[in-house]
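Source file: work_35.pdb (PDB, C-alpha atoms, pLDDT in the B column)
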ATOM      1  CA  MET A  23     -40.990 -23.904   5.536  1.00 43.00           C
ATOM      2  CA  PRO A  24     -39.764 -20.356   4.912  1.00 52.00           C
ATOM      3  CA  ARG A  25     -39.289 -19.912   8.653  1.00 55.00           C
ATOM      4  CA  LEU A  26     -37.332 -23.148   8.814  1.00 49.00           C
ATOM      5  CA  HIS A  27     -35.208 -22.013   5.903  1.00 55.00           C
ATOM      6  CA  ARG A  28     -34.516 -18.674   7.592  1.00 57.00           C
ATOM      7  CA  ALA A  29     -33.653 -20.398  10.859  1.00 50.00           C
ATOM      8  CA  PHE A  30     -31.358 -22.795   9.037  1.00 53.00           C
ATOM      9  CA  ALA A  31     -29.674 -19.921   7.195  1.00 49.00           C
ATOM     10  CA  LEU A  32     -29.121 -18.061  10.450  1.00 50.00           C
ATOM     11  CA  ILE A  33     -27.558 -21.150  12.035  1.00 54.00           C
ATOM     12  CA  VAL A  34     -25.247 -21.629   9.051  1.00 46.00           C
ATOM     13  CA  LEU A  35     -24.256 -17.947   9.149  1.00 46.00           C
ATOM     14  CA  LEU A  36     -23.560 -18.166  12.883  1.00 46.00           C
ATOM     15  CA  LEU A  37     -21.404 -21.251  12.424  1.00 45.00           C
ATOM     16  CA  LEU A  38     -19.492 -19.611   9.583  1.00 42.00           C
ATOM     17  CA  THR A  39     -18.912 -16.481  11.693  1.00 43.00           C
ATOM     18  CA  GLN A  40     -17.696 -18.545  14.635  1.00 43.00           C
ATOM     19  CA  SER A  41     -15.448 -20.550  12.328  1.00 41.00           C
ATOM     20  CA  ALA A  42     -13.951 -17.379  10.823  1.00 41.00           C
ATOM     21  CA  ALA A  43     -13.348 -15.957  14.292  1.00 42.00           C
ATOM     22  CA  ALA A  44     -11.720 -19.202  15.401  1.00 49.00           C
ATOM     23  CA  GLU A  45      -9.361 -19.054  12.414  1.00 73.00           C
ATOM     24  CA  LYS A  46      -7.988 -15.638  13.338  1.00 93.00           C
ATOM     25  CA  LEU A  47      -4.292 -15.787  14.083  1.00 97.00           C
ATOM     26  CA  ARG A  48      -3.386 -14.635  17.578  1.00 98.00           C
ATOM     27  CA  LEU A  49      -0.492 -12.181  17.223  1.00 98.00           C
ATOM     28  CA  VAL A  50       1.548 -11.276  20.290  1.00 97.00           C
ATOM     29  CA  ALA A  51       4.425  -8.950  21.184  1.00 95.00           C
ATOM     30  CA  ASP A  52       5.769  -6.898  24.053  1.00 91.00           C
ATOM     31  CA  ALA A  53       5.819  -3.089  24.150  1.00 90.00           C
ATOM     32  CA  TRP A  54       8.755  -2.002  21.971  1.00 91.00           C
ATOM     33  CA  PRO A  55       7.970   1.288  20.215  1.00 92.00           C
ATOM     34  CA  PRO A  56       8.031   2.070  17.381  1.00 94.00           C
ATOM     35  CA  PHE A  57       7.907  -1.610  16.376  1.00 95.00           C
ATOM     36  CA  THR A  58       5.207  -2.970  18.673  1.00 95.00           C
ATOM     37  CA  ASP A  59       3.016  -0.936  20.987  1.00 94.00           C
ATOM     38  CA  ALA A  60      -0.752  -1.119  21.457  1.00 93.00           C
ATOM     39  CA  THR A  61      -0.925   2.672  21.881  1.00 94.00           C
ATOM     40  CA  LEU A  62       0.517   3.321  18.407  1.00 94.00           C
ATOM     41  CA  VAL A  63      -1.319   3.305  15.077  1.00 93.00           C
ATOM     42  CA  ASN A  64      -2.110  -0.303  14.094  1.00 95.00           C
ATOM     43  CA  GLY A  65       0.035  -1.561  16.963  1.00 95.00           C
ATOM     44  CA  GLY A  66       3.286  -0.042  15.705  1.00 96.00           C
ATOM     45  CA  LEU A  67       5.457  -0.441  12.618  1.00 96.00           C
ATOM     46  CA  ALA A  68       6.258  -4.155  12.955  1.00 97.00           C
ATOM     47  CA  THR A  69       2.716  -5.128  13.936  1.00 97.00           C
ATOM     48  CA  ASP A  70       1.319  -3.185  10.981  1.00 98.00           C
ATOM     49  CA  ILE A  71       3.715  -4.800   8.496  1.00 98.00           C
ATOM     50  CA  VAL A  72       3.066  -8.280   9.894  1.00 98.00           C
ATOM     51  CA  SER A  73      -0.734  -8.037  10.066  1.00 98.00           C
ATOM     52  CA  THR A  74      -0.858  -6.504   6.563  1.00 98.00           C
ATOM     53  CA  ALA A  75       1.291  -9.267   5.051  1.00 98.00           C
ATOM     54  CA  LEU A  76      -0.746 -11.962   6.813  1.00 98.00           C
ATOM     55  CA  ALA A  77      -4.019 -10.396   5.647  1.00 97.00           C
ATOM     56  CA  ARG A  78      -2.740 -10.392   2.068  1.00 97.00           C
ATOM     57  CA  ALA A  79      -1.884 -14.078   2.535  1.00 97.00           C
ATOM     58  CA  GLY A  80      -5.468 -14.743   3.644  1.00 96.00           C
ATOM     59  CA  TYR A  81      -5.107 -14.711   7.435  1.00 97.00           C
ATOM     60  CA  ALA A  82      -7.133 -12.440   9.692  1.00 97.00           C
ATOM     61  CA  SER A  83      -5.461 -11.643  13.003  1.00 97.00           C
ATOM     62  CA  ASP A  84      -5.831 -10.125  16.459  1.00 96.00           C
ATOM     63  CA  PHE A  85      -2.989  -8.476  18.372  1.00 96.00           C
ATOM     64  CA  GLU A  86      -2.307  -8.780  22.094  1.00 96.00           C
ATOM     65  CA  GLN A  87       0.464  -7.028  24.012  1.00 96.00           C
ATOM     66  CA  VAL A  88       2.047  -8.842  26.953  1.00 95.00           C
ATOM     67  CA  PRO A  89       5.489  -8.899  28.630  1.00 91.00           C
ATOM     68  CA  TRP A  90       8.204 -10.549  26.535  1.00 90.00           C
ATOM     69  CA  ALA A  91       8.616 -13.696  28.661  1.00 89.00           C
ATOM     70  CA  ARG A  92       4.862 -14.359  28.574  1.00 94.00           C
ATOM     71  CA  ALA A  93       4.748 -13.804  24.814  1.00 94.00           C
ATOM     72  CA  LEU A  94       7.544 -16.289  24.178  1.00 93.00           C
ATOM     73  CA  LEU A  95       6.060 -18.868  26.556  1.00 95.00           C
ATOM     74  CA  GLY A  96       2.629 -18.430  24.984  1.00 97.00           C
ATOM     75  CA  VAL A  97       3.982 -19.138  21.497  1.00 97.00           C
ATOM     76  CA  GLY A  98       5.714 -22.264  22.772  1.00 97.00           C
ATOM     77  CA  GLU A  99       2.517 -23.495  24.426  1.00 97.00           C
ATOM     78  CA  GLY A 100       0.316 -22.605  21.455  1.00 97.00           C
ATOM     79  CA  ARG A 101      -1.739 -19.916  23.235  1.00 97.00           C
ATOM     80  CA  TYR A 102      -0.466 -17.491  20.585  1.00 98.00           C
ATOM     81  CA  ASP A 103       0.111 -18.265  16.918  1.00 98.00           C
ATOM     82  CA  VAL A 104       2.584 -15.576  15.895  1.00 98.00           C
ATOM     83  CA  LEU A 105       5.277 -13.696  17.794  1.00 97.00           C
ATOM     84  CA  VAL A 106       5.574 -10.446  15.855  1.00 97.00           C
ATOM     85  CA  ASN A 107       9.103  -9.339  16.758  1.00 94.00           C
ATOM     86  CA  ALA A 108      11.660 -12.130  17.099  1.00 92.00           C
ATOM     87  CA  TRP A 109      15.404 -12.182  16.600  1.00 88.00           C
ATOM     88  CA  TYR A 110      16.731 -15.582  15.518  1.00 89.00           C
ATOM     89  CA  THR A 111      18.161 -17.964  18.110  1.00 87.00           C
ATOM     90  CA  ASP A 112      18.560 -21.740  17.892  1.00 90.00           C
ATOM     91  CA  ASP A 113      16.578 -22.212  21.115  1.00 91.00           C
ATOM     92  CA  ARG A 114      13.525 -20.491  19.654  1.00 93.00           C
ATOM     93  CA  THR A 115      13.351 -22.955  16.751  1.00 96.00           C
ATOM     94  CA  LYS A 116      12.059 -25.447  19.345  1.00 96.00           C
ATOM     95  CA  LEU A 117       9.052 -23.164  19.909  1.00 96.00           C
ATOM     96  CA  GLY A 118       8.199 -21.983  16.421  1.00 97.00           C
ATOM     97  CA  GLN A 119       9.175 -21.580  12.792  1.00 98.00           C
ATOM     98  CA  PHE A 120      10.944 -18.388  11.747  1.00 97.00           C
ATOM     99  CA  SER A 121       9.994 -16.391   8.711  1.00 98.00           C
ATOM    100  CA  GLY A 122      12.513 -14.645   6.551  1.00 98.00           C
ATOM    101  CA  GLU A 123      13.772 -11.197   7.537  1.00 97.00           C
ATOM    102  CA  TYR A 124      11.176  -8.433   7.250  1.00 98.00           C
ATOM    103  CA  LEU A 125      13.029  -5.650   9.113  1.00 96.00           C
ATOM    104  CA  LEU A 126      16.613  -5.037  10.135  1.00 94.00           C
ATOM    105  CA  ASN A 127      17.584  -3.776  13.583  1.00 92.00           C
ATOM    106  CA  ARG A 128      20.841  -1.805  13.605  1.00 94.00           C
ATOM    107  CA  VAL A 129      22.271  -0.785  16.985  1.00 96.00           C
ATOM    108  CA  ARG A 130      24.226   2.474  16.503  1.00 97.00           C
ATOM    109  CA  PHE A 131      26.166   4.870  18.690  1.00 98.00           C
ATOM    110  CA  LEU A 132      25.137   8.507  19.097  1.00 98.00           C
ATOM    111  CA  LYS A 133      27.483  11.378  19.973  1.00 98.00           C
ATOM    112  CA  ARG A 134      27.366  15.174  20.131  1.00 98.00           C
ATOM    113  CA  LYS A 135      27.771  16.656  16.666  1.00 97.00           C
ATOM    114  CA  ASP A 136      30.798  18.653  17.799  1.00 96.00           C
ATOM    115  CA  ALA A 137      32.581  15.662  19.381  1.00 97.00           C
ATOM    116  CA  PRO A 138      35.477  14.326  17.243  1.00 96.00           C
ATOM    117  CA  ILE A 139      34.758  10.649  17.983  1.00 97.00           C
ATOM    118  CA  GLU A 140      35.391   7.889  15.470  1.00 96.00           C
ATOM    119  CA  TYR A 141      34.370   4.248  15.759  1.00 97.00           C
ATOM    120  CA  ASN A 142      35.785   1.327  13.857  1.00 96.00           C
ATOM    121  CA  ASN A 143      36.355  -0.958  16.830  1.00 97.00           C
ATOM    122  CA  LEU A 144      35.392  -0.903  20.523  1.00 98.00           C
ATOM    123  CA  GLN A 145      38.977  -0.296  21.663  1.00 97.00           C
ATOM    124  CA  GLN A 146      38.699   3.229  20.224  1.00 97.00           C
ATOM    125  CA  LEU A 147      35.861   3.942  22.676  1.00 98.00           C
ATOM    126  CA  HIS A 148      37.540   2.822  25.909  1.00 98.00           C
ATOM    127  CA  THR A 149      38.304   6.403  26.981  1.00 97.00           C
ATOM    128  CA  TYR A 150      34.711   7.669  26.607  1.00 98.00           C
ATOM    129  CA  PRO A 151      31.885   7.374  29.156  1.00 98.00           C
ATOM    130  CA  ILE A 152      28.910   5.663  27.464  1.00 98.00           C
ATOM    131  CA  ALA A 153      25.333   5.832  28.794  1.00 98.00           C
ATOM    132  CA  VAL A 154      23.662   2.396  28.693  1.00 96.00           C
ATOM    133  CA  VAL A 155      20.141   1.409  29.732  1.00 92.00           C
ATOM    134  CA  ARG A 156      20.076  -0.890  32.756  1.00 86.00           C
ATOM    135  CA  GLY A 157      19.254  -4.479  31.824  1.00 77.00           C
ATOM    136  CA  TYR A 158      19.732  -4.012  28.071  1.00 80.00           C
ATOM    137  CA  ALA A 159      21.772  -6.425  25.960  1.00 79.00           C
ATOM    138  CA  TYR A 160      23.417  -4.591  23.041  1.00 88.00           C
ATOM    139  CA  SER A 161      25.820  -7.172  21.617  1.00 87.00           C
ATOM    140  CA  SER A 162      27.928  -9.877  23.220  1.00 87.00           C
ATOM    141  CA  GLU A 163      31.129  -8.047  22.249  1.00 93.00           C
ATOM    142  CA  PHE A 164      29.956  -4.764  23.781  1.00 95.00           C
ATOM    143  CA  ASP A 165      28.372  -6.342  26.858  1.00 92.00           C
ATOM    144  CA  ASP A 166      31.481  -8.388  27.658  1.00 93.00           C
ATOM    145  CA  ASP A 167      34.009  -5.580  27.175  1.00 97.00           C
ATOM    146  CA  VAL A 168      34.972  -4.610  30.736  1.00 96.00           C
ATOM    147  CA  SER A 169      37.251  -1.800  29.534  1.00 98.00           C
ATOM    148  CA  LEU A 170      34.312   0.280  28.310  1.00 98.00           C
ATOM    149  CA  GLN A 171      33.155   3.041  30.696  1.00 98.00           C
ATOM    150  CA  LYS A 172      29.465   2.183  30.928  1.00 98.00           C
ATOM    151  CA  VAL A 173      27.198   4.593  32.793  1.00 97.00           C
ATOM    152  CA  PRO A 174      23.850   2.899  33.674  1.00 96.00           C
ATOM    153  CA  VAL A 175      20.683   4.980  33.174  1.00 96.00           C
ATOM    154  CA  HIS A 176      16.949   4.266  33.301  1.00 92.00           C
ATOM    155  CA  ASN A 177      16.089   4.746  29.633  1.00 92.00           C
ATOM    156  CA  PHE A 178      17.265   6.011  26.254  1.00 94.00           C
ATOM    157  CA  ALA A 179      15.644   9.433  26.705  1.00 94.00           C
ATOM    158  CA  MET A 180      17.831  10.062  29.744  1.00 97.00           C
ATOM    159  CA  ALA A 181      20.884   8.720  27.922  1.00 97.00           C
ATOM    160  CA  VAL A 182      20.541  10.943  24.863  1.00 98.00           C
ATOM    161  CA  ARG A 183      19.913  14.025  27.010  1.00 98.00           C
ATOM    162  CA  MET A 184      23.139  13.277  28.858  1.00 98.00           C
ATOM    163  CA  VAL A 185      24.977  13.112  25.529  1.00 98.00           C
ATOM    164  CA  ALA A 186      23.445  16.417  24.407  1.00 98.00           C
ATOM    165  CA  ALA A 187      24.485  18.014  27.719  1.00 98.00           C
ATOM    166  CA  ASP A 188      28.034  16.568  27.364  1.00 97.00           C
ATOM    167  CA  ARG A 189      27.682  14.616  30.625  1.00 98.00           C
ATOM    168  CA  VAL A 190      28.650  11.450  28.728  1.00 98.00           C
ATOM    169  CA  LYS A 191      30.251  11.146  25.311  1.00 98.00           C
ATOM    170  CA  LEU A 192      28.142   8.377  23.776  1.00 98.00           C
ATOM    171  CA  THR A 193      25.018   6.310  24.011  1.00 98.00           C
ATOM    172  CA  LEU A 194      23.603   3.604  21.752  1.00 97.00           C
ATOM    173  CA  GLU A 195      20.255   2.209  20.644  1.00 95.00           C
ATOM    174  CA  ASP A 196      18.502   0.525  17.754  1.00 93.00           C
ATOM    175  CA  GLU A 197      18.330   3.139  15.005  1.00 94.00           C
ATOM    176  CA  TYR A 198      14.533   3.034  14.566  1.00 91.00           C
ATOM    177  CA  VAL A 199      13.932   3.169  18.319  1.00 92.00           C
ATOM    178  CA  ALA A 200      16.369   6.087  18.654  1.00 95.00           C
ATOM    179  CA  ARG A 201      14.689   8.021  15.843  1.00 92.00           C
ATOM    180  CA  TYR A 202      11.274   7.407  17.410  1.00 91.00           C
ATOM    181  CA  TYR A 203      12.352   8.868  20.754  1.00 93.00           C
ATOM    182  CA  LEU A 204      14.436  11.664  19.229  1.00 95.00           C
ATOM    183  CA  ALA A 205      11.347  12.872  17.357  1.00 91.00           C
ATOM    184  CA  ARG A 206       9.739  13.393  20.767  1.00 92.00           C
ATOM    185  CA  GLU A 207      12.698  15.289  22.256  1.00 95.00           C
ATOM    186  CA  SER A 208      13.180  19.044  22.201  1.00 95.00           C
ATOM    187  CA  SER A 209      14.905  20.486  19.155  1.00 96.00           C
ATOM    188  CA  LYS A 210      17.799  21.447  21.434  1.00 96.00           C
ATOM    189  CA  VAL A 211      18.487  17.773  22.202  1.00 97.00           C
ATOM    190  CA  ARG A 212      17.556  16.451  18.770  1.00 95.00           C
ATOM    191  CA  ASN A 213      19.823  18.882  16.908  1.00 97.00           C
ATOM    192  CA  ALA A 214      22.774  18.376  19.236  1.00 98.00           C
ATOM    193  CA  VAL A 215      23.392  14.684  18.482  1.00 98.00           C
ATOM    194  CA  GLU A 216      24.099  12.448  15.533  1.00 98.00           C
ATOM    195  CA  PHE A 217      24.713   8.777  14.758  1.00 98.00           C
ATOM    196  CA  LEU A 218      28.169   7.387  14.185  1.00 98.00           C
ATOM    197  CA  PRO A 219      28.268   5.789  10.704  1.00 96.00           C
ATOM    198  CA  LYS A 220      29.263   2.265  11.691  1.00 96.00           C
ATOM    199  CA  ALA A 221      26.678   0.060  13.433  1.00 97.00           C
ATOM    200  CA  LEU A 222      27.656  -1.902  16.527  1.00 97.00           C
ATOM    201  CA  SER A 223      25.459  -4.831  15.477  1.00 93.00           C
ATOM    202  CA  GLU A 224      22.741  -5.846  13.058  1.00 92.00           C
ATOM    203  CA  ASN A 225      19.911  -8.269  13.820  1.00 89.00           C
ATOM    204  CA  SER A 226      17.253  -9.369  11.361  1.00 93.00           C
ATOM    205  CA  LEU A 227      13.675  -9.247  12.636  1.00 95.00           C
ATOM    206  CA  HIS A 228      11.314 -12.163  11.948  1.00 97.00           C
ATOM    207  CA  ILE A 229       7.942 -13.520  12.924  1.00 98.00           C
ATOM    208  CA  LEU A 230       7.993 -16.762  14.912  1.00 97.00           C
ATOM    209  CA  VAL A 231       4.993 -19.015  14.191  1.00 98.00           C
ATOM    210  CA  SER A 232       4.092 -21.527  16.888  1.00 98.00           C
ATOM    211  CA  LEU A 233       4.822 -25.161  16.052  1.00 98.00           C
ATOM    212  CA  LYS A 234       1.549 -25.933  17.846  1.00 97.00           C
ATOM    213  CA  ASN A 235      -0.304 -24.367  14.915  1.00 97.00           C
ATOM    214  CA  PRO A 236      -0.684 -27.159  12.333  1.00 97.00           C
ATOM    215  CA  GLN A 237      -0.455 -24.606   9.505  1.00 97.00           C
ATOM    216  CA  HIS A 238       2.806 -23.012  10.650  1.00 97.00           C
ATOM    217  CA  GLU A 239       4.654 -23.895   7.435  1.00 97.00           C
ATOM    218  CA  GLN A 240       1.891 -22.452   5.224  1.00 97.00           C
ATOM    219  CA  ILE A 241       1.657 -19.316   7.373  1.00 98.00           C
ATOM    220  CA  VAL A 242       5.391 -18.651   7.097  1.00 98.00           C
ATOM    221  CA  ALA A 243       5.399 -19.332   3.351  1.00 98.00           C
ATOM    222  CA  GLY A 244       2.453 -16.998   2.801  1.00 98.00           C
ATOM    223  CA  PHE A 245       3.990 -14.287   4.956  1.00 98.00           C
ATOM    224  CA  ASP A 246       7.365 -14.439   3.192  1.00 98.00           C
ATOM    225  CA  ARG A 247       5.677 -14.346  -0.209  1.00 98.00           C
ATOM    226  CA  GLU A 248       3.587 -11.293   0.669  1.00 98.00           C
ATOM    227  CA  ILE A 249       6.505  -9.384   2.228  1.00 98.00           C
ATOM    228  CA  ALA A 250       8.371  -9.807  -1.082  1.00 98.00           C
ATOM    229  CA  GLU A 251       5.278  -8.640  -2.988  1.00 98.00           C
ATOM    230  CA  MET A 252       4.815  -5.635  -0.679  1.00 98.00           C
ATOM    231  CA  LYS A 253       8.405  -4.559  -1.291  1.00 98.00           C
ATOM    232  CA  ALA A 254       7.886  -4.946  -5.037  1.00 98.00           C
ATOM    233  CA  ASP A 255       4.593  -3.043  -5.249  1.00 97.00           C
ATOM    234  CA  GLY A 256       5.615  -0.175  -2.945  1.00 97.00           C
ATOM    235  CA  SER A 257       3.169  -0.902  -0.117  1.00 97.00           C
ATOM    236  CA  TYR A 258       6.010  -1.864   2.238  1.00 98.00           C
ATOM    237  CA  GLU A 259       7.682   1.505   1.728  1.00 97.00           C
ATOM    238  CA  ARG A 260       4.379   3.293   2.216  1.00 96.00           C
ATOM    239  CA  LEU A 261       3.893   1.602   5.586  1.00 96.00           C
ATOM    240  CA  MET A 262       7.405   2.635   6.618  1.00 94.00           C
ATOM    241  CA  LYS A 263       6.647   6.253   5.735  1.00 93.00           C
ATOM    242  CA  GLN A 264       3.278   6.165   7.510  1.00 93.00           C
ATOM    243  CA  HIS A 265       5.135   5.233  10.698  1.00 91.00           C
ATOM    244  CA  GLY A 266       7.690   7.982  10.214  1.00 83.00           C
ATOM    245  CA  MET A 267      10.555   5.799   8.999  1.00 81.00           C
TER     246      MET A 267
END
As structure tokens, the full file:
Amino acid sequence: MPRLHRAFALIVLLLLTQSAAAEKLRLVADAWPPFTDATLVNGGLATDIVSTALARAGYASDFEQVPWARALLGVGEGRYDVLVNAWYTDDRTKLGQFSGEYLLNRVRFLKRKDAPIEYNNLQQLHTYPIAVVRGYAYSSEFDDDVSLQKVPVHNFAMAVRMVAADRVKLTLEDEYVARYYLARESSKVRNAVEFLPKALSENSLHILVSLKNPQHEQIVAGFDREIAEMKADGSYERLMKQHGM
């Protein structure tokens, strides 16, 4: 009998372990440092905030990094439960349920510190060459303004170096992304540039929980509740500081 009891206990434990593993939420995002990147601590700032809030709400999770189109498709098909880094669009509500805002993306211009450039509207910038990353969408107003002198480059690092060297007058990027890359530039580049005060655009960042997950409403409610609690108890701010923000 004792052997039977031990065997039965082992079977129950195995089933419970498999059940717990099956209940893990499958988080997904593309590479977008410092927000989401498998090479960064805890998958990046956004991944860390999201997985921490979900854990506090009672949900274990695993993170997978894939290209953006595959991540979005996977959420729609139910292969992934949670898209970590989603801006709101009406089309995406057909794929999943949005949480409340948990981060704010602010796209801002950068100039040389000694350049007397002011920005209140895009018309003021029509005379300045602006380095832009090929394929990026910044805002509909900026993207559609054909009077702007846009200089295509491969990435933000190249763009900001061109600003520091006075080869172009401006570039632009999400503030957190810009600060992440500036921290990895030489002091010569980093100390030569500064942000213009006014943001070009602001986009709230959300998780998108697949409608294929039958608990999507509970997951979103739990996440929103814990984000509010994290902001109240200081743990949200501590995570921001741990990621250099």
| Contacts of Ala68 (chain A) at 6 Å or less, counting only C-alpha atoms, minus same-chain residues fewer than 2 places along, as a ChimeraX atom specification? | /A:57-58,66,70-71
| Which residue out of A:Val242, A:Leu218, A:Leu230, A:Leu132 has the minimum interatomic distance to Thr111 (chain A) when all atoms listed in the file are used? |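 Looking only at the distances to Thr111 (chain A), the closest residue turns out to be A:Leu230.
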| Distance query Val211 (chain A) at most 8 Å, all atoms listed in the file, self and fewer than 6 positions along chain excluded, as a list in words | Val182, Arg183, Ala186 and Leu204 of chain A
| Between A:Arg101, A:Gly65, A:Lys191, A:Phe178, which has the minimum distance to Lys135 (chain A) (counting all atoms listed in the file)? |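 Of A:Arg101, A:Gly65, A:Lys191, A:Phe178, the one nearest Lys135 (chain A), counting all atoms listed in the file, is A:Lys191.
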| field | Residue IDs satisfying the PyMOL selection byres ((chain A and resi 210) around 12), as a ChimeraX atom specification | value | /A:134,182-183,185-187,204-209,211-215
| Interatomic distance, CA of Ala137 (chain A) to CA of Thr149 (chain A) (Å, one decimal) |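 Calculated distance between CA of Ala137 (chain A) and CA of Thr149 (chain A) is 13.3 Å.
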| message | Between CA of Lys46 (chain A) and CA of Ala82 (chain A), what distance in Å does the model show, to one decimal? | response | 4.9 Å
| query | With all atoms listed in the file as the atoms that count, which of A:Val50, A:Ala153, A:Leu95, A:Ala243 lies nearest to Pro174 (chain A)? | reply |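 Using all atoms listed in the file, Pro174 (chain A) sits closest to A:Ala153.
Selection by the PyMOL selection byres ((chain A and resi 154) around 7) on the present file picks out Ile152, Ala153, Val155, Arg156, Lys172, Val173, Pro174, Val175, Ala181 and Thr193 of chain A.
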| request: Within 10 Å of Arg92 (chain A), counting only C-alpha atoms, which residues show up once you throw out same-chain ones fewer than 4 positions away? Write them as JSON, numbers by chain, please. | output: {"A": [50, 51, 52, 87, 88, 96, 97, 98]}
| query | Please, what distance in Å, to one decimal, runs between CA of Asn127 (chain A) and CA of Leu227 (chain A)? | reply | 6.8 Å
What's the 12 Å shell around Trp109 (chain A), counting all atoms listed in the file, without same-chain residues fewer than 2 positions away, as a compact mmCIF listing (two decimals) with C-alpha atoms, in the frame of the given file?
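Once written, selection-v1.txt looks like this:
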# COMPACT_ATOMS: atom_id res chain seq x y z
CA LEU A 94 7.54 -16.29 24.18
CA LEU A 105 5.28 -13.70 17.79
CA VAL A 106 5.57 -10.45 15.86
CA ASN A 107 9.10 -9.34 16.76
CA THR A 111 18.16 -17.96 18.11
CA ASP A 112 18.56 -21.74 17.89
CA ASP A 113 16.58 -22.21 21.12
CA ARG A 114 13.52 -20.49 19.65
CA THR A 115 13.35 -22.96 16.75
CA GLN A 119 9.18 -21.58 12.79
CA PHE A 120 10.94 -18.39 11.75
CA SER A 121 9.99 -16.39 8.71
CA GLY A 122 12.51 -14.64 6.55
CA GLU A 123 13.77 -11.20 7.54
CA TYR A 124 11.18 -8.43 7.25
CA LEU A 125 13.03 -5.65 9.11
CA LEU A 126 16.61 -5.04 10.14
CA ASN A 127 17.58 -3.78 13.58
CA GLU A 224 22.74 -5.85 13.06
CA ASN A 225 19.91 -8.27 13.82
CA SER A 226 17.25 -9.37 11.36
CA LEU A 227 13.68 -9.25 12.64
CA HIS A 228 11.31 -12.16 11.95
CA ILE A 229 7.94 -13.52 12.92
CA LEU A 230 7.99 -16.76 14.91
| request: Given the file shown, enumerate the residues that the PyMOL selection byres ((chain A and resi 129) around 12) captures and present them as an NGL selection string. | output: :A and (126-128 or 130-132 or 158-161 or 164 or 193-201 or 217-226)
| said: Counting only C-alpha atoms, which residue out of A:His238, A:Arg78, A:Arg48, A:Lys133 sits closest to Gly118 (chain A)? | reply: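 Once distances to Gly118 (chain A) are computed over only C-alpha atoms, the minimum belongs to A:His238.
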| If you count only C-alpha atoms, which residues fall within 12 Å of Glu259 (chain A), apart from same-chain ones fewer than 3 positions away, as a PyMOL selection string? | chain A and resi 67+71+124-125+249-256+262-267
Residues of the last selection are to be written out with C-alpha atoms, as a CSV table (one decimal), in the frame of the given file.
chain,number,residue,atom,x,y,z
A,67,LEU,CA,5.5,-0.4,12.6
A,71,ILE,CA,3.7,-4.8,8.5
A,124,TYR,CA,11.2,-8.4,7.2
A,125,LEU,CA,13.0,-5.6,9.1
A,249,ILE,CA,6.5,-9.4,2.2
A,250,ALA,CA,8.4,-9.8,-1.1
A,251,GLU,CA,5.3,-8.6,-3.0
A,252,MET,CA,4.8,-5.6,-0.7
A,253,LYS,CA,8.4,-4.6,-1.3
A,254,ALA,CA,7.9,-4.9,-5.0
A,255,ASP,CA,4.6,-3.0,-5.2
A,256,GLY,CA,5.6,-0.2,-2.9
A,262,MET,CA,7.4,2.6,6.6
A,263,LYS,CA,6.6,6.3,5.7
A,264,GLN,CA,3.3,6.2,7.5
A,265,HIS,CA,5.1,5.2,10.7
A,266,GLY,CA,7.7,8.0,10.2
A,267,MET,CA,10.6,5.8,9.0
| query | Pick from A:Ser73, A:Arg189, A:Trp90, A:Arg260: nearest to Gly244 (chain A), with only C-alpha atoms counted? | reply |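 That would be A:Ser73, the residue with the smallest distance to Gly244 (chain A).
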| task | Kindly indicate which residue among A:Thr74, A:Thr69, A:Ser83, A:Pro138 lies nearest to Pro56 (chain A), using only C-alpha atoms for the distances. | result |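 Of the candidates, the smallest distance to Pro56 (chain A) is held by A:Thr69.
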Report as JSON the centre and the edge lengths, in Å to one decimal, of the axis-aligned box holding every listed atom of region 64-69 of chain A, padded by 4 Å on each side.
{"center_x": 2.1, "center_y": -2.6, "center_z": 14.8, "size_x": 16.4, "size_y": 13.1, "size_z": 12.3}
